[in-house]
>>> print(open('start_16.txt').read())   # compact mmCIF, C-alpha atoms
# COMPACT_ATOMS: atom_id res chain seq x y z
CA MET A 25 -11.11 -11.74 66.03
CA GLU A 26 -12.07 -8.33 64.66
CA ALA A 27 -15.70 -8.06 63.72
CA MET A 28 -16.58 -6.78 60.28
CA ILE A 29 -19.27 -4.28 61.13
CA MET A 30 -22.34 -4.37 58.89
CA THR A 31 -24.06 -1.21 57.72
CA PRO A 32 -27.24 -0.37 59.70
CA GLY A 33 -29.47 -1.35 56.78
CA LEU A 34 -27.77 -4.71 56.28
CA ARG A 35 -27.74 -5.32 60.03
CA LYS A 36 -31.50 -4.74 60.27
CA PHE A 37 -32.17 -6.96 57.25
CA THR A 38 -30.05 -9.79 58.70
CA LEU A 39 -31.71 -9.33 62.09
CA ALA A 40 -35.17 -9.65 60.50
CA ILE A 41 -34.10 -12.91 58.81
CA HIS A 42 -32.56 -14.21 62.05
CA ILE A 43 -35.73 -13.42 64.06
CA THR A 44 -37.89 -15.08 61.40
CA PHE A 45 -35.89 -18.32 61.52
CA SER A 46 -35.53 -18.34 65.31
CA VAL A 47 -39.19 -17.64 66.13
CA GLY A 48 -40.19 -20.03 63.33
CA TRP A 49 -38.08 -22.71 65.05
CA ILE A 50 -39.96 -22.15 68.33
CA GLY A 51 -43.32 -22.28 66.54
CA ALA A 52 -42.40 -25.47 64.69
CA VAL A 53 -41.34 -27.13 67.96
CA ALA A 54 -44.68 -26.09 69.50
CA ALA A 55 -46.50 -27.83 66.62
CA TYR A 56 -44.23 -30.86 67.07
CA ILE A 57 -45.05 -31.02 70.80
CA ALA A 58 -48.78 -31.11 69.92
CA LEU A 59 -48.12 -34.19 67.75
CA ASP A 60 -45.88 -35.69 70.43
CA VAL A 61 -48.61 -35.30 73.06
CA THR A 62 -51.04 -36.95 70.64
CA THR A 63 -48.84 -40.06 70.39
CA VAL A 64 -48.90 -40.31 74.20
CA THR A 65 -52.55 -39.53 74.89
CA SER A 66 -54.58 -40.68 71.88
CA GLN A 67 -56.34 -44.04 72.04
CA ASP A 68 -56.97 -44.11 68.29
CA VAL A 69 -54.35 -46.20 66.47
CA GLN A 70 -54.67 -44.35 63.16
CA THR A 71 -54.29 -40.99 64.89
CA VAL A 72 -51.12 -42.17 66.67
CA ARG A 73 -49.78 -43.60 63.39
CA ALA A 74 -50.49 -40.32 61.56
CA ALA A 75 -48.95 -38.28 64.36
CA TYR A 76 -45.65 -40.22 64.16
CA LEU A 77 -45.51 -39.69 60.38
CA ALA A 78 -46.28 -35.98 60.76
CA MET A 79 -43.61 -35.70 63.46
CA ALA A 80 -40.96 -37.08 61.09
CA LEU A 81 -42.00 -34.70 58.31
CA THR A 82 -42.14 -31.70 60.64
CA ALA A 83 -38.75 -32.47 62.15
CA GLY A 84 -37.00 -33.24 58.86
CA TYR A 85 -38.46 -30.57 56.61
CA VAL A 86 -39.24 -27.71 58.99
CA ILE A 87 -37.46 -27.88 62.35
CA VAL A 88 -34.00 -28.97 61.17
CA PRO A 89 -33.76 -26.38 58.33
CA LEU A 90 -35.02 -23.63 60.66
CA ALA A 91 -32.52 -24.65 63.37
CA LEU A 92 -29.57 -24.61 60.96
CA ALA A 93 -30.69 -21.31 59.41
CA SER A 94 -31.15 -19.77 62.87
CA LEU A 95 -27.67 -20.90 63.93
CA LEU A 96 -26.09 -19.58 60.73
CA THR A 97 -27.83 -16.19 60.81
CA GLY A 98 -27.01 -15.91 64.52
CA LEU A 99 -23.32 -16.38 63.72
CA VAL A 100 -23.54 -13.75 60.97
CA MET A 101 -25.26 -11.32 63.35
CA SER A 102 -22.61 -11.85 66.04
CA LEU A 103 -19.62 -11.54 63.76
CA GLY A 104 -21.15 -8.71 61.71
CA THR A 105 -21.81 -6.42 64.67
CA ARG A 106 -19.77 -5.13 67.60
CA TRP A 107 -21.40 -7.72 69.88
CA GLY A 108 -18.92 -10.31 68.62
CA LEU A 109 -19.14 -14.04 69.30
CA PHE A 110 -17.14 -14.40 72.52
CA ARG A 111 -17.27 -10.91 74.03
CA HIS A 112 -20.58 -11.00 75.88
CA TYR A 113 -21.92 -13.77 78.07
CA TRP A 114 -25.44 -13.56 76.63
CA VAL A 115 -24.09 -14.10 73.10
CA LEU A 116 -21.75 -16.92 74.16
CA ILE A 117 -24.42 -18.75 76.19
CA SER A 118 -26.94 -18.31 73.37
CA LEU A 119 -24.43 -19.80 70.93
CA LEU A 120 -23.66 -22.78 73.19
CA LEU A 121 -27.35 -23.51 73.86
CA THR A 122 -28.23 -23.20 70.16
CA VAL A 123 -25.40 -25.56 69.15
CA LEU A 124 -26.49 -28.01 71.87
CA ALA A 125 -30.16 -27.82 70.81
CA THR A 126 -29.22 -28.32 67.14
CA ALA A 127 -26.96 -31.30 67.93
CA VAL A 128 -29.64 -33.01 70.04
CA LEU A 129 -32.19 -32.25 67.32
CA LEU A 130 -30.06 -33.91 64.62
CA VAL A 131 -29.68 -37.07 66.74
CA GLU A 132 -33.36 -36.97 67.67
CA THR A 133 -34.40 -36.65 64.01
CA ARG A 134 -32.87 -40.05 63.26
CA ILE A 135 -34.86 -41.55 66.14
CA ILE A 136 -38.06 -39.86 64.96
CA ASN A 137 -37.56 -41.21 61.43
CA ARG A 138 -37.11 -44.70 62.88
CA LEU A 139 -40.28 -44.34 64.96
CA ALA A 140 -42.19 -43.12 61.88
CA ALA A 141 -40.94 -46.10 59.88
CA ILE A 142 -42.21 -48.44 62.59
CA ALA A 143 -45.54 -46.61 62.85
CA ALA A 144 -46.02 -46.72 59.06
CA ASP A 145 -45.90 -50.52 59.09
CA PRO A 146 -49.51 -51.72 58.82
CA ALA A 147 -48.52 -54.88 60.69
CA MET A 148 -47.83 -52.86 63.83
CA SER A 149 -50.72 -53.17 66.24
CA GLY A 150 -52.06 -50.53 68.57
CA ASN A 151 -50.21 -52.15 71.47
CA ASP A 152 -46.94 -52.02 69.51
CA LEU A 153 -47.45 -48.34 68.76
CA ARG A 154 -48.30 -47.57 72.37
CA ALA A 155 -45.13 -49.42 73.43
CA LEU A 156 -42.99 -46.99 71.42
CA GLU A 157 -41.40 -44.50 73.76
CA SER A 158 -42.27 -40.88 73.31
CA THR A 159 -39.84 -38.10 72.40
CA LEU A 160 -41.90 -35.70 74.51
CA VAL A 161 -39.24 -35.14 77.17
CA HIS A 162 -36.72 -34.12 74.52
CA SER A 163 -39.12 -31.86 72.65
CA VAL A 164 -40.31 -30.09 75.81
CA GLY A 165 -36.69 -29.77 76.98
CA GLY A 166 -35.75 -28.38 73.58
CA MET A 167 -38.54 -25.83 73.79
CA ALA A 168 -37.31 -24.74 77.25
CA VAL A 169 -33.78 -24.24 75.86
CA LEU A 170 -35.11 -22.20 72.92
CA LEU A 171 -37.14 -19.99 75.25
CA VAL A 172 -34.05 -19.36 77.39
CA VAL A 173 -32.11 -18.37 74.24
CA MET A 174 -34.96 -16.07 73.18
CA TRP A 175 -34.99 -14.46 76.64
CA LEU A 176 -31.22 -13.88 76.46
CA ASN A 177 -31.53 -12.33 73.00
CA VAL A 178 -34.34 -9.98 73.98
CA TYR A 179 -33.01 -8.82 77.36
CA LYS A 180 -29.28 -9.00 76.54
CA PRO A 181 -28.19 -9.17 80.22
CA ARG A 182 -25.00 -7.23 80.88
CA GLY A 183 -21.70 -8.96 81.30
CA LEU A 184 -18.45 -9.11 79.36
CA THR A 185 -16.47 -12.32 79.17
CA ALA A 186 -12.80 -12.23 80.22
CA TYR A 187 -11.89 -12.11 76.51
CA GLY A 188 -14.39 -9.31 75.89
CA TRP A 189 -13.08 -7.34 78.84
CA ARG A 190 -9.45 -7.70 77.63
CA LYS A 191 -10.40 -6.61 74.12
CA GLN A 192 -12.26 -3.62 75.47
CA GLN A 193 -9.26 -2.58 77.58
CA GLU A 194 -6.99 -2.88 74.53
CA GLU A 195 -9.34 -0.79 72.42
CA ARG A 196 -9.57 1.89 75.11
CA LYS A 197 -5.79 2.03 75.37
CA GLN A 198 -5.49 2.39 71.60
CA ARG A 199 -8.10 5.15 71.57
CA THR A 200 -6.29 6.99 74.37
CA MET A 201 -2.91 6.69 72.64
CA SER A 202 -4.27 7.87 69.29
CA LYS A 203 -5.70 11.03 70.84
CA PRO A 204 -3.46 14.12 70.30
CA MET B 171 -34.33 15.27 61.11
CA VAL B 172 -36.27 12.04 61.47
CA MET B 173 -33.67 10.17 59.44
CA ALA B 174 -30.85 11.56 61.57
CA GLU B 175 -32.61 10.35 64.73
CA LYS B 176 -33.17 6.92 63.13
CA ASP B 177 -29.49 6.71 62.19
CA ARG B 178 -28.49 7.62 65.75
CA ILE B 179 -30.72 4.86 67.17
CA GLU B 180 -29.34 2.32 64.71
CA GLN B 181 -25.80 3.40 65.47
CA ARG B 182 -26.46 3.03 69.21
CA GLU B 183 -27.99 -0.43 68.73
CA ASN B 184 -25.02 -1.42 66.63
CA THR B 185 -22.47 -0.35 69.21
CA GLU B 186 -24.36 -1.14 72.38
CA ASP B 187 -21.50 -3.02 73.95
CA THR B 188 -20.09 -0.11 75.85
CA TYR B 189 -21.42 -1.09 79.23
CA MET B 190 -19.17 -2.11 82.11
CA THR B 191 -16.46 0.13 80.74
CA ASP B 192 -15.66 1.71 84.07
CA LEU B 193 -14.99 -1.49 86.01
CA PRO B 194 -11.34 -1.49 87.20
CA SER B 195 -10.98 -5.28 87.04
CA TYR B 196 -12.73 -8.22 85.50
CA SER B 197 -15.43 -10.10 87.40
CA THR B 198 -17.98 -12.68 86.30
CA PRO B 199 -21.50 -11.22 86.49
CA ARG B 200 -23.79 -12.65 89.18
CA TRP B 201 -26.46 -13.73 86.67
CA VAL B 202 -23.86 -15.88 84.85
CA LYS B 203 -22.93 -17.62 88.14
CA VAL B 204 -26.62 -18.28 88.91
CA PHE B 205 -27.18 -19.48 85.35
CA ALA B 206 -24.22 -21.88 85.56
CA LEU B 207 -25.40 -23.20 88.96
CA VAL B 208 -28.92 -23.87 87.63
CA ALA B 209 -27.47 -25.57 84.53
CA ILE B 210 -25.24 -27.84 86.66
CA LEU B 211 -28.19 -28.74 88.92
CA LEU B 212 -30.36 -29.57 85.90
CA ILE B 213 -27.64 -31.76 84.37
CA LEU B 214 -27.22 -33.59 87.72
CA LEU B 215 -31.00 -34.04 87.95
CA VAL B 216 -31.10 -35.57 84.46
CA LEU B 217 -28.14 -37.86 85.24
CA ILE B 218 -29.69 -39.04 88.52
CA THR B 219 -33.05 -39.64 86.79
CA MET B 220 -31.31 -41.66 84.07
CA ILE B 221 -29.51 -43.78 86.69
CA ILE B 222 -32.71 -44.39 88.66
CA VAL B 223 -34.83 -45.15 85.57
CA GLY B 224 -32.19 -47.41 84.09
CA GLY B 225 -29.86 -45.21 82.17
CA ASP B 226 -30.89 -46.43 78.74
CA HIS B 227 -30.94 -43.14 76.88
CA GLY B 228 -29.98 -44.22 73.37
CA PRO B 229 -32.09 -44.90 70.30
CA GLY B 230 -32.49 -48.52 71.38
CA ARG B 231 -34.99 -47.49 74.03
CA HIS B 232 -37.45 -46.63 71.29
CA ARG B 233 -37.87 -50.19 70.14
CA PRO B 234 -41.28 -51.76 70.71
CA SER B 235 -41.51 -54.01 73.73
CA GLY B 236 -44.36 -56.14 72.34
CA ALA B 237 -44.19 -59.70 71.02
CA ASP B 238 -42.84 -58.60 67.64
CA ASN B 239 -39.08 -58.51 68.08
CA THR B 240 -38.30 -57.75 64.45
CA PRO B 241 -35.29 -55.45 64.27
CA VAL B 242 -36.21 -51.88 63.49
CA THR B 243 -33.99 -51.80 60.40
CA LEU B 244 -35.83 -54.79 58.92
CA VAL B 245 -39.15 -53.07 59.50
CA ALA B 246 -37.84 -49.98 57.75
CA HIS B 247 -36.62 -52.05 54.78
CA ARG B 248 -40.00 -53.72 54.43
CA LEU B 249 -41.68 -50.35 53.84
>>> encode(input="start_16.txt", output="structure tokens")
Amino acid sequence: MEAMIMTPGLRKFTLAIHITFSVGWIGAVAAYIALDVTTVTSQDVQTVRAAYLAMALTAGYVIVPLALASLLTGLVMSLGTRWGLFRHYWVLISLLLTVLATAVLLVETRIINRLAAIAADPAMSGNDLRALESTLVHSVGGMAVLLVVMWLNVYKPRGLTAYGWRKQQEERKQRTMSKP
Amino acid sequence: MVMAEKDRIEQRENTEDTYMTDLPSYSTPRWVKVFALVAILLILLVLITMIIVGGDHGPGRHRPSGADNTPVTLVAHRL
């Protein structure tokens, strides 16, 4: 697939938007982990109840939109520059990890909403709330994946995929043949 | 002059995929192999943990284990 190269100004603007969504996603997950830890450690029933409700709101209205926006702007950045989507390992692995993180997040959001619905029930006792399993493992795991993606995007470790290498060879041949 | 330099930097950033051009044949970079190995080990670790713990990894594990066995959906409808 031939990339449609963006102008430098448009590329920088899109990059700024992509960074905003991606770093915002990491920040929102950090806030979510604080709430998640509260549900595990707090002895106060009302605090645990409030934390579950806040987790559902944070996941549904902040984390999911940021994740989808980050994925979308990442695709635009890849396809709109010479990096491409499948040419470089760091781009490909970033894409796979982001898709995986978003898919797990979407499944997890349904679970969080269910937990919040249970926690919102005034009939649920403190013991019932404490018996609810935490999503902490998933949220910490998600954060680790996002940090790996961020590291890949900042350091851009070298390495062409087989497809990228083939395309590069083809382009070099074409350049050589077009020279007088 | 400053603008020309800025344009050159932006152009370089935009076309910074010119590395590895002199390699005669394709080879998977070492960091990718290490990355894949670590990923496989982590997946195996998770699978083994799930098997040891009980393997219940679905939404059903989030149901309360107390005396109230009301289905979660009924609780949600009551709200």
>>> atom_distance(input="start_16.txt", atom1="atom CA of Met28 of chain A", atom2="atom CA of Leu90 of chain A")
25.0 Å
>>> interface_residues(input="start_16.txt", of="chain A", to="chain B", cutoff="8 Å", atoms="all atoms listed in the file", output="ChimeraX atom specification")
/A:32,105-107,113,135,138-139,141-142,144-145,151-153,155-158,182-186,189,192
>>> atom_distance(input="start_16.txt", atom1="atom CA of Thr38 of chain A", atom2="atom CA of Leu103 of chain A")
11.7 Å
>>> closest_residue(input="start_16.txt", among="A:Val86, A:Val131, A:Leu121, A:Ala140", to="Ala54 of chain A", atoms="only C-alpha atoms")
A:Val86
>>> atom_distance(input="start_16.txt", atom1="atom CA of Ala55 of chain A", atom2="atom CA of Val172 of chain A")
18.5 Å
>>> build_atoms(input="start_16.txt", residues="segment 34-45 of chain A", atoms="all heavy atoms", output="PDB file, in the coordinates of the input")
ATOM      1  N   LEU A  34     -28.055  -3.273  56.422  1.00  0.00           N
ATOM      2  CA  LEU A  34     -27.770  -4.710  56.280  1.00  0.00           C
ATOM      3  C   LEU A  34     -27.983  -5.431  57.614  1.00  0.00           C
ATOM      4  O   LEU A  34     -28.504  -6.547  57.661  1.00  0.00           O
ATOM      5  CB  LEU A  34     -26.328  -4.897  55.790  1.00  0.00           C
ATOM      6  CG  LEU A  34     -25.869  -6.345  55.590  1.00  0.00           C
ATOM      7  CD1 LEU A  34     -26.730  -7.044  54.527  1.00  0.00           C
ATOM      8  CD2 LEU A  34     -24.399  -6.401  55.192  1.00  0.00           C
ATOM      9  N   ARG A  35     -27.590  -4.727  58.703  1.00  0.00           N
ATOM     10  CA  ARG A  35     -27.740  -5.320  60.030  1.00  0.00           C
ATOM     11  C   ARG A  35     -29.229  -5.572  60.327  1.00  0.00           C
ATOM     12  O   ARG A  35     -29.612  -6.643  60.785  1.00  0.00           O
ATOM     13  CB  ARG A  35     -27.158  -4.388  61.092  1.00  0.00           C
ATOM     14  CG  ARG A  35     -27.095  -4.985  62.478  1.00  0.00           C
ATOM     15  CD  ARG A  35     -26.778  -3.937  63.507  1.00  0.00           C
ATOM     16  NE  ARG A  35     -27.853  -2.961  63.633  1.00  0.00           N
ATOM     17  CZ  ARG A  35     -28.956  -3.172  64.353  1.00  0.00           C
ATOM     18  NH1 ARG A  35     -29.112  -4.297  65.006  1.00  0.00           N
ATOM     19  NH2 ARG A  35     -29.890  -2.250  64.403  1.00  0.00           N
ATOM     20  N   LYS A  36     -30.053  -4.595  60.006  1.00  0.00           N
ATOM     21  CA  LYS A  36     -31.500  -4.740  60.270  1.00  0.00           C
ATOM     22  C   LYS A  36     -32.087  -5.848  59.411  1.00  0.00           C
ATOM     23  O   LYS A  36     -32.931  -6.623  59.878  1.00  0.00           O
ATOM     24  CB  LYS A  36     -32.199  -3.396  60.000  1.00  0.00           C
ATOM     25  CG  LYS A  36     -33.633  -3.387  60.459  1.00  0.00           C
ATOM     26  CD  LYS A  36     -34.062  -2.026  60.959  1.00  0.00           C
ATOM     27  CE  LYS A  36     -33.654  -1.813  62.388  1.00  0.00           C
ATOM     28  NZ  LYS A  36     -34.146  -0.596  62.977  1.00  0.00           N
ATOM     29  N   PHE A  37     -31.671  -5.922  58.156  1.00  0.00           N
ATOM     30  CA  PHE A  37     -32.170  -6.960  57.250  1.00  0.00           C
ATOM     31  C   PHE A  37     -31.787  -8.350  57.770  1.00  0.00           C
ATOM     32  O   PHE A  37     -32.616  -9.265  57.832  1.00  0.00           O
ATOM     33  CB  PHE A  37     -31.583  -6.734  55.847  1.00  0.00           C
ATOM     34  CG  PHE A  37     -31.993  -7.778  54.847  1.00  0.00           C
ATOM     35  CD1 PHE A  37     -33.297  -7.825  54.362  1.00  0.00           C
ATOM     36  CD2 PHE A  37     -31.078  -8.723  54.380  1.00  0.00           C
ATOM     37  CE1 PHE A  37     -33.681  -8.797  53.440  1.00  0.00           C
ATOM     38  CE2 PHE A  37     -31.446  -9.691  53.467  1.00  0.00           C
ATOM     39  CZ  PHE A  37     -32.755  -9.724  52.990  1.00  0.00           C
ATOM     40  N   THR A  38     -30.520  -8.504  58.176  1.00  0.00           N
ATOM     41  CA  THR A  38     -30.050  -9.790  58.700  1.00  0.00           C
ATOM     42  C   THR A  38     -30.775 -10.141  60.005  1.00  0.00           C
ATOM     43  O   THR A  38     -31.125 -11.298  60.242  1.00  0.00           O
ATOM     44  CB  THR A  38     -28.523  -9.748  58.944  1.00  0.00           C
ATOM     45  OG1 THR A  38     -27.891  -9.186  57.809  1.00  0.00           O
ATOM     46  CG2 THR A  38     -27.960 -11.142  59.173  1.00  0.00           C
ATOM     47  N   LEU A  39     -31.001  -9.111  60.827  1.00  0.00           N
ATOM     48  CA  LEU A  39     -31.710  -9.330  62.090  1.00  0.00           C
ATOM     49  C   LEU A  39     -33.139  -9.831  61.832  1.00  0.00           C
ATOM     50  O   LEU A  39     -33.616 -10.754  62.510  1.00  0.00           O
ATOM     51  CB  LEU A  39     -31.739  -8.025  62.905  1.00  0.00           C
ATOM     52  CG  LEU A  39     -32.470  -8.083  64.247  1.00  0.00           C
ATOM     53  CD1 LEU A  39     -31.787  -9.065  65.195  1.00  0.00           C
ATOM     54  CD2 LEU A  39     -32.533  -6.693  64.888  1.00  0.00           C
ATOM     55  N   ALA A  40     -33.794  -9.234  60.832  1.00  0.00           N
ATOM     56  CA  ALA A  40     -35.170  -9.650  60.500  1.00  0.00           C
ATOM     57  C   ALA A  40     -35.179 -11.120  60.069  1.00  0.00           C
ATOM     58  O   ALA A  40     -36.058 -11.892  60.485  1.00  0.00           O
ATOM     59  CB  ALA A  40     -35.719  -8.760  59.382  1.00  0.00           C
ATOM     60  N   ILE A  41     -34.185 -11.513  59.259  1.00  0.00           N
ATOM     61  CA  ILE A  41     -34.100 -12.910  58.810  1.00  0.00           C
ATOM     62  C   ILE A  41     -33.838 -13.820  60.011  1.00  0.00           C
ATOM     63  O   ILE A  41     -34.468 -14.884  60.157  1.00  0.00           O
ATOM     64  CB  ILE A  41     -32.997 -13.064  57.742  1.00  0.00           C
ATOM     65  CG1 ILE A  41     -33.382 -12.313  56.469  1.00  0.00           C
ATOM     66  CG2 ILE A  41     -32.759 -14.533  57.417  1.00  0.00           C
ATOM     67  CD1 ILE A  41     -32.299 -12.269  55.439  1.00  0.00           C
ATOM     68  N   HIS A  42     -32.908 -13.396  60.877  1.00  0.00           N
ATOM     69  CA  HIS A  42     -32.560 -14.210  62.050  1.00  0.00           C
ATOM     70  C   HIS A  42     -33.779 -14.402  62.973  1.00  0.00           C
ATOM     71  O   HIS A  42     -34.040 -15.511  63.450  1.00  0.00           O
ATOM     72  CB  HIS A  42     -31.415 -13.534  62.812  1.00  0.00           C
ATOM     73  CG  HIS A  42     -31.001 -14.255  64.051  1.00  0.00           C
ATOM     74  ND1 HIS A  42     -30.558 -15.567  64.038  1.00  0.00           N
ATOM     75  CD2 HIS A  42     -30.989 -13.866  65.355  1.00  0.00           C
ATOM     76  CE1 HIS A  42     -30.283 -15.935  65.283  1.00  0.00           C
ATOM     77  NE2 HIS A  42     -30.539 -14.937  66.095  1.00  0.00           N
ATOM     78  N   ILE A  43     -34.530 -13.325  63.198  1.00  0.00           N
ATOM     79  CA  ILE A  43     -35.730 -13.420  64.060  1.00  0.00           C
ATOM     80  C   ILE A  43     -36.749 -14.356  63.412  1.00  0.00           C
ATOM     81  O   ILE A  43     -37.370 -15.189  64.098  1.00  0.00           O
ATOM     82  CB  ILE A  43     -36.333 -12.018  64.308  1.00  0.00           C
ATOM     83  CG1 ILE A  43     -35.393 -11.196  65.196  1.00  0.00           C
ATOM     84  CG2 ILE A  43     -37.705 -12.124  64.961  1.00  0.00           C
ATOM     85  CD1 ILE A  43     -35.787  -9.738  65.334  1.00  0.00           C
ATOM     86  N   THR A  44     -36.917 -14.235  62.104  1.00  0.00           N
ATOM     87  CA  THR A  44     -37.890 -15.080  61.400  1.00  0.00           C
ATOM     88  C   THR A  44     -37.553 -16.561  61.591  1.00  0.00           C
ATOM     89  O   THR A  44     -38.427 -17.368  61.948  1.00  0.00           O
ATOM     90  CB  THR A  44     -37.891 -14.744  59.888  1.00  0.00           C
ATOM     91  OG1 THR A  44     -38.178 -13.360  59.730  1.00  0.00           O
ATOM     92  CG2 THR A  44     -38.930 -15.564  59.141  1.00  0.00           C
ATOM     93  N   PHE A  45     -36.287 -16.917  61.373  1.00  0.00           N
ATOM     94  CA  PHE A  45     -35.890 -18.320  61.520  1.00  0.00           C
ATOM     95  C   PHE A  45     -35.994 -18.786  62.970  1.00  0.00           C
ATOM     96  O   PHE A  45     -36.446 -19.893  63.239  1.00  0.00           O
ATOM     97  CB  PHE A  45     -34.452 -18.524  61.016  1.00  0.00           C
ATOM     98  CG  PHE A  45     -34.311 -18.444  59.516  1.00  0.00           C
ATOM     99  CD1 PHE A  45     -33.206 -17.836  58.938  1.00  0.00           C
ATOM    100  CD2 PHE A  45     -35.274 -18.989  58.686  1.00  0.00           C
ATOM    101  CE1 PHE A  45     -33.070 -17.765  57.560  1.00  0.00           C
ATOM    102  CE2 PHE A  45     -35.156 -18.921  57.304  1.00  0.00           C
ATOM    103  CZ  PHE A  45     -34.047 -18.300  56.746  1.00  0.00           C
TER     104      PHE A  45
END
